[in-house]
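Novice: Below is the file my_file_20.cif, with mmCIF, C-alpha atoms (C1' of nucleotides).
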data_work
loop_
_atom_site.label_atom_id
_atom_site.label_comp_id
_atom_site.auth_asym_id
_atom_site.auth_seq_id
_atom_site.Cartn_x
_atom_site.Cartn_y
_atom_site.Cartn_z
CA MET J 1 11.94 147.19 -27.30
CA GLU J 2 15.56 147.07 -26.27
CA PRO J 3 16.72 143.53 -26.82
CA LEU J 4 18.59 141.67 -24.14
CA GLU J 5 19.36 144.63 -21.97
CA LEU J 6 20.13 142.35 -19.11
CA LEU J 7 23.07 140.95 -20.95
CA GLU J 8 24.88 144.06 -21.84
CA CYS J 9 27.32 143.57 -19.05
CA GLY J 10 26.79 139.84 -18.90
CA SER J 11 29.08 136.88 -19.05
CA PRO J 12 29.22 133.98 -21.45
CA LEU J 13 27.05 131.09 -20.52
CA THR J 14 30.10 129.09 -19.60
CA ARG J 15 31.63 131.48 -17.10
CA GLU J 16 28.98 131.68 -14.43
CA PRO J 17 25.37 130.60 -14.01
CA LEU J 18 22.74 132.86 -15.51
CA ASN J 19 20.24 134.24 -13.07
CA ALA J 20 16.54 133.76 -13.65
CA ASP J 21 15.95 137.17 -15.26
CA GLN J 22 18.86 136.87 -17.65
CA ALA J 23 17.80 133.37 -18.57
CA ALA J 24 14.24 134.50 -19.29
CA ALA J 25 15.43 137.35 -21.50
CA VAL J 26 17.81 135.18 -23.49
CA ALA J 27 15.40 132.27 -23.77
CA ARG J 28 12.87 134.51 -25.52
CA VAL J 29 15.30 135.10 -28.34
CA PHE J 30 16.48 131.50 -28.63
CA LYS J 31 12.85 130.42 -28.63
CA ALA J 32 12.24 132.66 -31.61
CA LEU J 33 15.15 130.94 -33.36
CA GLY J 34 13.77 127.53 -32.47
CA ASP J 35 11.46 127.23 -35.43
CA PRO J 36 12.68 126.13 -38.86
CA VAL J 37 10.48 128.55 -40.77
CA ARG J 38 11.71 131.47 -38.69
CA LEU J 39 15.33 130.42 -39.12
CA ARG J 40 14.87 130.32 -42.87
CA ILE J 41 13.10 133.67 -42.87
CA LEU J 42 15.98 135.15 -40.91
CA SER J 43 18.54 133.72 -43.31
CA ILE J 44 16.61 134.97 -46.32
CA VAL J 45 16.44 138.47 -44.88
CA ALA J 46 20.04 138.46 -43.71
CA SER J 47 21.46 137.22 -46.98
CA HIS J 48 19.25 139.25 -49.28
CA ALA J 49 20.77 141.87 -51.53
CA GLY J 50 20.76 145.25 -49.83
CA GLY J 51 20.42 143.69 -46.42
CA GLU J 52 16.67 143.74 -46.54
CA ALA J 53 13.78 141.77 -47.99
CA CYS J 54 10.12 142.53 -48.42
CA VAL J 55 7.47 140.07 -47.38
CA CYS J 56 6.91 139.12 -50.99
CA ASP J 57 10.55 137.99 -51.21
CA ILE J 58 9.92 135.66 -48.29
CA THR J 59 6.46 134.27 -48.85
CA GLY J 60 7.39 132.61 -52.12
CA ALA J 61 10.09 130.50 -50.47
CA PHE J 62 7.63 128.58 -48.29
CA ASP J 63 4.62 126.34 -48.55
CA VAL J 64 2.92 128.05 -45.65
CA SER J 65 0.31 130.75 -45.97
CA GLN J 66 1.00 134.46 -46.05
CA PRO J 67 -0.59 135.04 -42.61
CA THR J 68 1.71 132.41 -41.16
CA ILE J 69 4.75 134.19 -42.57
CA SER J 70 3.41 137.44 -41.19
CA HIS J 71 3.05 135.81 -37.79
CA HIS J 72 6.64 134.56 -37.82
CA LEU J 73 7.93 137.96 -38.89
CA LYS J 74 6.11 139.47 -35.94
CA VAL J 75 7.74 137.01 -33.55
CA LEU J 76 11.20 137.78 -34.94
CA LYS J 77 10.48 141.49 -34.60
CA GLU J 78 9.20 141.22 -31.05
CA VAL J 79 12.42 139.66 -29.80
CA GLY J 80 14.58 142.24 -31.57
CA LEU J 81 15.99 140.07 -34.33
CA LEU J 82 14.35 142.02 -37.16
CA VAL J 83 13.08 145.52 -37.78
CA SER J 84 10.64 146.56 -40.47
CA GLU J 85 9.93 149.62 -42.52
CA ARG J 86 7.04 150.31 -44.86
CA ARG J 87 7.84 151.88 -48.23
CA ALA J 88 4.83 152.35 -50.49
CA SER J 89 2.92 149.08 -50.64
CA TRP J 90 5.76 146.96 -49.40
CA VAL J 91 7.16 146.27 -45.95
CA TYR J 92 10.87 145.62 -45.79
CA TYR J 93 12.52 143.58 -43.05
CA ARG J 94 16.12 143.98 -41.98
CA LEU J 95 18.32 142.06 -39.56
CA VAL J 96 19.39 143.58 -36.24
CA PRO J 97 22.96 142.30 -36.15
CA GLU J 98 23.53 143.41 -32.55
CA THR J 99 20.97 140.96 -31.26
CA LEU J 100 22.54 138.03 -33.06
CA ALA J 101 25.96 139.19 -31.94
CA GLU J 102 24.91 139.21 -28.31
CA LEU J 103 23.58 135.69 -28.57
CA SER J 104 26.68 134.55 -30.36
CA GLY J 105 28.87 136.06 -27.68
CA LEU J 106 26.81 134.49 -24.95
CA ILE J 107 27.24 130.95 -26.22
CA THR J 108 30.85 131.32 -27.18
CA VAL J 109 32.94 128.66 -25.51
CA PRO J 110 36.46 129.65 -24.48
CA ALA J 111 39.16 127.81 -26.36
CA PRO J 112 40.50 124.82 -24.39
CA ALA J 113 43.57 125.78 -22.43
CA MET N 1 23.65 111.32 -31.96
CA GLU N 2 25.90 113.47 -34.12
CA PRO N 3 24.83 117.04 -33.57
CA LEU N 4 24.15 119.28 -36.51
CA GLU N 5 25.78 117.12 -39.13
CA LEU N 6 24.07 119.10 -41.82
CA LEU N 7 25.98 122.18 -40.86
CA GLU N 8 29.46 120.89 -40.89
CA CYS N 9 30.11 122.42 -44.27
CA GLY N 10 27.47 125.07 -43.86
CA SER N 11 27.46 128.81 -44.09
CA PRO N 12 26.55 131.44 -41.58
CA LEU N 13 22.94 132.35 -41.48
CA THR N 14 23.73 135.67 -43.07
CA ARG N 15 25.53 134.43 -46.15
CA GLU N 16 22.85 132.40 -47.89
CA PRO N 17 19.40 131.06 -47.08
CA LEU N 18 19.26 127.84 -45.10
CA ASN N 19 17.50 124.99 -46.78
CA ALA N 20 14.66 123.21 -45.04
CA ASP N 21 16.76 120.33 -43.71
CA GLN N 22 19.46 122.56 -42.30
CA ALA N 23 16.85 124.81 -40.72
CA ALA N 24 15.12 121.85 -39.09
CA ALA N 25 18.37 120.52 -37.65
CA VAL N 26 19.44 123.88 -36.26
CA ALA N 27 16.00 124.78 -34.97
CA ARG N 28 15.99 121.67 -32.77
CA VAL N 29 19.01 122.97 -30.90
CA PHE N 30 17.82 126.56 -30.60
CA LYS N 31 14.49 125.25 -29.41
CA ALA N 32 16.27 123.42 -26.62
CA LEU N 33 17.94 126.70 -25.67
CA GLY N 34 14.61 128.48 -25.75
CA ASP N 35 13.63 127.65 -22.19
CA PRO N 36 14.93 129.63 -19.20
CA VAL N 37 15.33 126.58 -16.98
CA ARG N 38 17.34 124.77 -19.64
CA LEU N 39 19.52 127.83 -20.22
CA ARG N 40 20.28 128.03 -16.53
CA ILE N 41 20.98 124.30 -16.33
CA LEU N 42 23.38 124.65 -19.22
CA SER N 43 25.15 127.57 -17.59
CA ILE N 44 25.40 125.73 -14.29
CA VAL N 45 26.94 122.70 -15.96
CA ALA N 46 29.23 124.75 -18.17
CA SER N 47 30.54 126.94 -15.38
CA HIS N 48 30.82 124.24 -12.73
CA ALA N 49 34.20 123.29 -11.35
CA GLY N 50 35.72 120.43 -13.30
CA GLY N 51 33.47 121.12 -16.27
CA GLU N 52 30.76 118.83 -15.01
CA ALA N 53 27.90 118.81 -12.55
CA CYS N 54 25.77 116.05 -11.12
CA VAL N 55 22.02 116.31 -11.02
CA CYS N 56 22.14 117.10 -7.35
CA ASP N 57 24.23 120.21 -8.14
CA ILE N 58 21.48 121.38 -10.45
CA THR N 59 18.26 120.46 -8.70
CA GLY N 60 18.95 122.69 -5.73
CA ALA N 61 19.19 125.80 -7.90
CA PHE N 62 15.55 125.64 -8.99
CA ASP N 63 12.07 125.64 -7.59
CA VAL N 64 10.92 122.98 -10.01
CA SER N 65 10.69 119.30 -9.18
CA GLN N 66 13.43 116.75 -9.72
CA PRO N 67 11.53 115.00 -12.54
CA THR N 68 11.25 118.31 -14.34
CA ILE N 69 15.00 118.85 -14.12
CA SER N 70 15.52 115.32 -15.37
CA HIS N 71 13.25 116.04 -18.30
CA HIS N 72 15.17 119.20 -19.23
CA LEU N 73 18.48 117.37 -18.98
CA LYS N 74 17.15 114.78 -21.38
CA VAL N 75 16.15 117.46 -23.87
CA LEU N 76 19.60 119.06 -23.69
CA LYS N 77 21.18 115.66 -24.19
CA GLU N 78 18.99 114.73 -27.13
CA VAL N 79 20.06 117.77 -29.12
CA GLY N 80 23.74 117.21 -28.38
CA LEU N 81 24.34 120.07 -25.97
CA LEU N 82 25.14 117.82 -23.00
CA VAL N 83 26.49 114.35 -22.41
CA SER N 84 26.12 112.34 -19.23
CA GLU N 85 28.08 109.69 -17.41
CA ARG N 86 27.07 107.65 -14.41
CA ARG N 87 29.62 107.22 -11.63
CA ALA N 88 28.36 105.26 -8.65
CA SER N 89 25.06 106.71 -7.56
CA TRP N 90 25.50 109.99 -9.36
CA VAL N 91 25.05 111.04 -12.96
CA TYR N 92 27.38 113.78 -14.17
CA TYR N 93 26.54 116.09 -17.04
CA ARG N 94 29.10 117.84 -19.19
CA LEU N 95 28.86 120.44 -21.95
CA VAL N 96 29.55 119.53 -25.58
CA PRO N 97 31.37 122.68 -26.61
CA GLU N 98 31.38 121.76 -30.30
CA THR N 99 27.61 122.03 -30.49
CA LEU N 100 27.57 125.48 -28.96
CA ALA N 101 30.46 126.50 -31.18
CA GLU N 102 28.58 125.47 -34.30
CA LEU N 103 25.57 127.48 -33.26
CA SER N 104 27.73 130.44 -32.41
CA GLY N 105 29.44 130.26 -35.78
CA LEU N 106 26.14 130.00 -37.56
CA ILE N 107 24.73 133.20 -36.12
CA THR N 108 27.92 135.17 -36.37
CA VAL N 109 27.36 138.37 -38.30
CA PRO N 110 30.22 139.58 -40.47
CA ALA N 111 31.70 142.87 -39.33
CA PRO N 112 30.28 145.81 -41.27
CA ALA N 113 32.51 146.68 -44.23
"C1'" DC T 1 -14.62 156.73 -55.06
"C1'" DT T 2 -13.68 152.11 -56.40
"C1'" DT T 3 -10.86 148.49 -57.12
"C1'" DA T 4 -6.61 145.84 -56.84
"C1'" DT T 5 -2.55 144.41 -54.34
"C1'" DG T 6 0.52 143.77 -50.33
"C1'" DT T 7 0.52 142.96 -45.54
"C1'" DA T 8 -1.48 142.39 -40.86
"C1'" DT T 9 -4.93 140.79 -37.53
"C1'" DA T 10 -8.63 137.75 -35.51
"C1'" DG T 11 -10.37 133.50 -34.35
"C1'" DA T 12 -10.27 128.52 -34.38
"C1'" DC T 13 -8.10 124.17 -33.81
"C1'" DA T 14 -4.77 120.21 -33.57
"C1'" DG T 15 -0.64 119.11 -31.65
"C1'" DG T 16 3.29 120.23 -28.68
"C1'" DT T 17 5.47 121.63 -24.10
"C1'" DG T 18 6.48 122.35 -19.15
"C1'" DT T 19 5.06 120.90 -14.99
"C1'" DC T 20 3.66 117.79 -11.34
"C1'" DA T 21 2.73 113.43 -8.43
"C1'" DA T 22 3.50 108.76 -8.52
"C1'" DT T 23 6.33 105.18 -9.61
"C1'" DA T 24 10.31 102.71 -11.45
"C1'" DT T 25 15.21 101.81 -11.83
"C1'" DA T 26 20.19 101.74 -10.52
"C1'" DG T 27 23.60 101.50 -7.30
"C1'" DA T 28 25.35 101.51 -2.40
"C1'" DT T 29 25.05 99.73 2.15
"C1'" DA T 30 23.70 96.94 5.52
"C1'" DT Z 1 17.72 90.04 0.97
"C1'" DA Z 2 16.06 94.47 2.39
"C1'" DT Z 3 16.57 99.29 2.38
"C1'" DC Z 4 18.21 103.80 1.36
"C1'" DT Z 5 19.55 107.44 -1.97
"C1'" DA Z 6 20.05 109.38 -6.66
"C1'" DT Z 7 18.07 109.68 -10.96
"C1'" DA Z 8 14.73 108.46 -14.68
"C1'" DT Z 9 10.18 107.33 -16.52
"C1'" DT Z 10 5.12 107.47 -16.76
"C1'" DG Z 11 0.84 109.56 -17.18
"C1'" DA Z 12 -2.00 113.49 -16.58
"C1'" DC Z 13 -3.19 118.25 -17.36
"C1'" DA Z 14 -3.13 123.26 -18.31
"C1'" DC Z 15 -1.09 126.18 -21.35
"C1'" DC Z 16 1.37 127.52 -25.49
"C1'" DT Z 17 2.33 127.38 -30.63
"C1'" DG Z 18 2.06 126.88 -35.54
"C1'" DT Z 19 -1.12 126.69 -38.89
"C1'" DC Z 20 -5.24 127.74 -41.41
"C1'" DT Z 21 -9.39 130.62 -43.26
"C1'" DA Z 22 -11.61 134.79 -43.21
"C1'" DT Z 23 -11.22 139.44 -42.80
"C1'" DA Z 24 -9.26 144.05 -42.06
"C1'" DC Z 25 -6.00 147.60 -43.14
"C1'" DA Z 26 -2.73 150.36 -46.12
"C1'" DT Z 27 -1.27 152.03 -50.30
"C1'" DA Z 28 -1.54 152.66 -55.26
"C1'" DA Z 29 -3.98 153.01 -59.63
"C1'" DG Z 30 -7.93 153.75 -62.34
#
Would you put the structure from the file into structure tokens?

Specialist:
Amino acid sequence: MEPLELLECGSPLTREPLNADQAAAVARVFKALGDPVRLRILSIVASHAGGEACVCDITGAFDVSQPTISHHLKVLKEVGLLVSERRASWVYYRLVPETLAELSGLITVPAPA
Amino acid sequence: MEPLELLECGSPLTREPLNADQAAAVARVFKALGDPVRLRILSIVASHAGGEACVCDITGAFDVSQPTISHHLKVLKEVGLLVSERRASWVYYRLVPETLAELSGLITVPAPA
DNA sequence: CTTATGTATAGACAGGTGTCAATATAGATA
DNA sequence: TATCTATATTGACACCTGTCTATACATAAG
């Protein structure tokens, strides 16, 4: 899925009101970031050596079950924040920096005049 | 409420894993952004002339009821994204740019080397 | 082929969330 | 005081979400 297509020619949140479609597309991604476990997963993946982490690198950092981690990874993948690749027995997750960059740009507030 | 105190000396999401407390504090704010109506409210307030909008400026832009708008405004206020001030019969809402800026900084991805 | 390990899916369930109608509150005006 | 307008709160309800256990799937190793 192409993340946030609607925003590719969009404006920062502070310049003009978002229309309903843009808002729905962006809200999906923010919603995915709105869970503490998912935020930590994202930061573990993003800061991991080599730019990627396998599920086993992540599961150990939490008190929640492995299926729960798998569920959160799926959510992060579905909104375009992570991609995954299987290599042998392990599945490696990697950040999609473009998606974060779009969000970051969207909520950037112009410096006060 | 002081927004995101835990992050004031924090690192971008991509530098090192967030701890549980930081993740919980940040997730509250992203969660508030994870609703299309709230995103649109925020963009209406942020882009409105004078940097503020009264509830009546917002309600008309949506098909949802006035109590629902009031509820969303409360959520945005509670996480430190908006502040409000009553003047006569009207209540004006204004963006807290620092909160957005912290979020934006947090999800900023370093340029590829 | 069988077994072991890493990961994903299915189903269930408690608690949370967005919405509404009804009502309350605050301020202005008469 | 009474009444009107703008906004907030309450309570209800359908739906969504995060979590678990149990199980399935994928790959590797005997």

Novice: Near chain Z, which residues of chain J fall within 9 Å when you count all atoms listed in the file, and what do they look like as a list in words?

Specialist: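 Close enough to count are Val64, Ser65, Pro67, Thr68, Ala88, Ser89 and Trp90 of chain J.
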
Novice: Once the PyMOL selection byres ((chain T) within 9 of (chain J)) has been evaluated on this model, what residues remain selected, and can you format them as a PyMOL selection string?

Specialist: chain T and resi 5-9

Novice: What residues in chain J have any atom no more than 7 Å from chain N when counting all atoms listed in the file, and can you write them as a PyMOL selection string?

Specialist: chain J and resi 13-18+23-24+27-28+30-31+33-36+39-40+43-44+46-47+97+100-101+104+107-109

Novice: So how many Å separate atom CA of Gly80 of chain J and atom CA of Asp63 of chain N, to one decimal?

Specialist: 29.3 Å

Novice: Could you state the separation of atom CA of Ala53 of chain J and atom CA of Tyr93 of chain J in Å, given to one decimal place?

Specialist: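 Between atom CA of Ala53 of chain J and atom CA of Tyr93 of chain J the gap is 5.4 Å.
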
Novice: In Å, rounded to a single decimal, give me how far atom CA of Leu73 of chain J is from atom C1' of DA12 of chain T.

Specialist: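 Separation between atom C1' of DA12 of chain T and atom CA of Leu73 of chain J: 21.0 Å.
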